[in-house]
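Participant: One structure follows; several queries about it will come next.
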Amino acid sequence: MKKILTVAEMALRELLRRRSVLLILLLLPLLFYLSRRGDHLGQAIRFVCLGLSWALSTAALFAGSAARGMEPRLRLSGYRGYHLYLGRLSALWTVGLLLSAPYFVLVLVDQHDVRYGPVALVMVLMVAVSAPFGLVLSSVLPRELEGTLVLLMVVGLQMMADPSSLIARLLPFWSSREIGTYAIDHTDTGYLTRGIAHGLLSAAILIAMVAVVSGIRLRRRSHLEF
Amino acid sequence: MNHDGWLSALAHELRRRGVGGDAVRQVVAEAAAHLRDGGGNPMQVFGPPATYASAVADSVGRPRRNPGEVLLEARGITKKYGRQTVLDGVDLTVRSGEIAAVIGANGCGKSTFLAVCAGLTGVDKGEVRIRGSLGYCPQDGGTAGFLDAGEHFVLIGAGRGMSREEAVRAGHAQAAALDWEPARGKQARHLSGGTRQKLNLVMAGLGEPDVLLLDEPYQGFDRGTYLDFWHQVWQWREAGKAIVVVTHLLNQLDRVDTVLELTPARKAVA
Amino acid sequence: MDQDRRGQWLRGVLAPCVLALVAERESYGYELAQSLDAAGLGPIQGGTLYPVLLRLQRFGLVTASWQDGTAGPARKYYRITAAGRETLRHATADWQEFSAGVASILREGR
């Protein structure tokens, strides 16, 4: 437990010292929100959630890449793989939730006639999904640049694809649109349940992917015996 | 030669002969007190610093080093990258209280061999057995750019089960042995290359692992720090650790116990 | 006295003499050098004395501790151990036998 907390603490410190990443985290969702504020009701909410996802995924991508240099050493120093990714995820989730809070307040104050509970749910699910998504990208792709391009594609597709199409459903952030529709357009609870299921499943799959890739990369080599 | 000049030369000569830090302090202090009491020219009272230092080093003696148990044993290490064989049947045995130097021209697979021993890279054939805990210092990299030295110590220390204070204290002590005082709040990416390598080295030794694998860790060290580094390695040897140092600088070979030479022509010559 | 010969003799007897002095009472380097001089061995240089003390310490015949001086800096005081007393006893007996032998040979040769 202490190991996970230590990793989390250091990951948090690292994140807070990266000014550019912080700037993205703070401003991107705001820009997204403002860009659609004049539109018809609720688009701004959808966009701010997407902005939050993108920002947190980017932060996770950069955090994961930066950590790669130290991970073999940490492994040798006595950490198991799960200490490392659970610690990093905890730090990212904490940052994500802290970041979402003011945006939720913004929605509370600025948008009317929406179901606020589900909006909060969307933000929480997005935080849950974005952090492992960014980490998966960082562990699978060699450089931050490729990861950023992939993120760009994913977010772009999510915005443009028809929510009922297959492609949209395969994307990790689809649940935000579904639950968003439930919250904004006051539809039936089917949207809510589908969205929750997709969100939880995405989060679970992505966390599992992080675990597997980490396990492979940091595996105890068979030729080494203690 | 005045007193202070002679005394600092004495300290230097003692350390070069491998006399331990505490003993050096005592010998120098005692000589200083003697000169204070009796006056006179140190060159006459004690002789040249080098001569006196040799006499002291002989009298203090080197602690009897038992052969020690085998802490690292690599057998038949073979690794290929595609069609190219980098390591072919390499063996190495290092006991407690021994230093092994791995030498060879660039590209001979020295770093690869060390990475294999550390378990960071796979092999096609062979096995490595290690008794005790392991520390590894890469040639470069291996640090978190946005954390300062103290935070690095805490991070590594927590893995080895050390408390924060312990880890920071130990880290600073080892840093002092390399003539480095880590500044709080100075992020690793702002450190000079040589200082970052000092951080790497301290991290490798944090928590007193039994086996140390050092991959040319002295990149960017100035001459004084280079000597401090070897001094630290000898101290680790006295403490009973097994140390493997990859090096292409051969002038310290008379102070190591085993030399493993890797040649590009496949077979290893031990 | 011939310095060369004196040097050779000193090499043999300095350690037991130092032990004897330290057995009498705890003392530090400079004081020991002065006592040895006063006793008739002539001036003993630091470069000769301290390696002897270090060797005695290494073999456990004396122990050392740093003590703050009343006037001035700390000094390293040496004290004899039980093993040291034992060694001293043997060395004294050996020396008496040896020096008596030497004296008798030299008397004969006169």
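Ligands are numbered from 1 in the order shown, chains are lettered A, B, ... in the order of the structure tokens, and residues start at 1 in each chain.
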Please find the residues of chain B near chain C - the criterion being any atom within 6 Å, counting only C-alpha atoms - and write them as a count of residues only.
Facilitator: 5
Participant: So that I can check the surroundings of region 81-92 of chain B, please list as a ChimeraX atom specification every protein, DNA and RNA residue that reaches within 12 Å of it, counting only C-alpha atoms and ignoring chain neighbours fewer than 5 positions away.
Facilitator: /B:70-76,99-102,106-117,121-130,242-244,258-270
Participant: May I ask for the distance between CA of Ala105 (chain B) and CA of Gln139 (chain B), given in Å to one decimal place?
Facilitator: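 Between CA of Ala105 (chain B) and CA of Gln139 (chain B) the gap is 15.4 Å.
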Participant: Counting only C-alpha atoms, which residues of chain A come no farther than 6 Å from chain B, as a VMD selection string?
Facilitator: chain A and resid 14 69 to 70 77 to 79 221 223 to 226
Participant: Would you give me, as a count of residues only, the residues in region 40-225 of chain B that DSSP reads as alpha helix (DSSP H)?
Facilitator: 66
Participant: Give me the residues near Pro29 (chain A) as JSON, numbers by chain, where near means some atom within 8 Å (using only C-alpha atoms) and where sequence neighbours in that chain fewer than 4 positions away do not count.
Facilitator: {"A": [25, 33, 47, 48, 49, 50, 51, 52, 55]}
Participant: Residues of chain C classed as strand (DSSP E) by DSSP on the backbone are to be reported as a list of chain:residue names.
Facilitator: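 Output for chain C, strand (DSSP E) only: C:Ser27, C:Tyr28, C:Val62, C:Thr63, C:Ala64, C:Ser65, C:Trp66, C:Gln67, C:Arg75, C:Lys76, C:Tyr77, C:Tyr78, C:Arg79, C:Ile80.
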Participant: One decimal, Å: what's the distance from CA of Arg110 (chain C) over to CA of Gln8 (chain C), could you say?
Facilitator: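 Separation of CA of Arg110 (chain C) and CA of Gln8 (chain C): 22.3 Å.
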Participant: Could you give me, as a list in words, the residues within 6 Å of region 119-127 of chain A, counting only C-alpha atoms and dropping anything in the same chain fewer than 6 positions from it?
Facilitator: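 Neighbouring residues, sequence-local ones excluded: Ser53, Gly96, Ser176 and Gly199 of chain A.
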Participant: CA of Ala91 (chain A) and CA of Leu12 (chain A) are how many Å apart?
Facilitator: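 So the two atoms, CA of Ala91 (chain A) and CA of Leu12 (chain A), lie 5.4 Å apart.
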Participant: I'd like the neighbourhood of Ala183 (chain B) as a ChimeraX atom specification, where a residue qualifies if any of its atoms comes within 12 Å (using only C-alpha atoms), though same-chain residues fewer than 5 positions away should be ignored.
Facilitator: /B:147-151,172,175-176,188,190-191,195,199
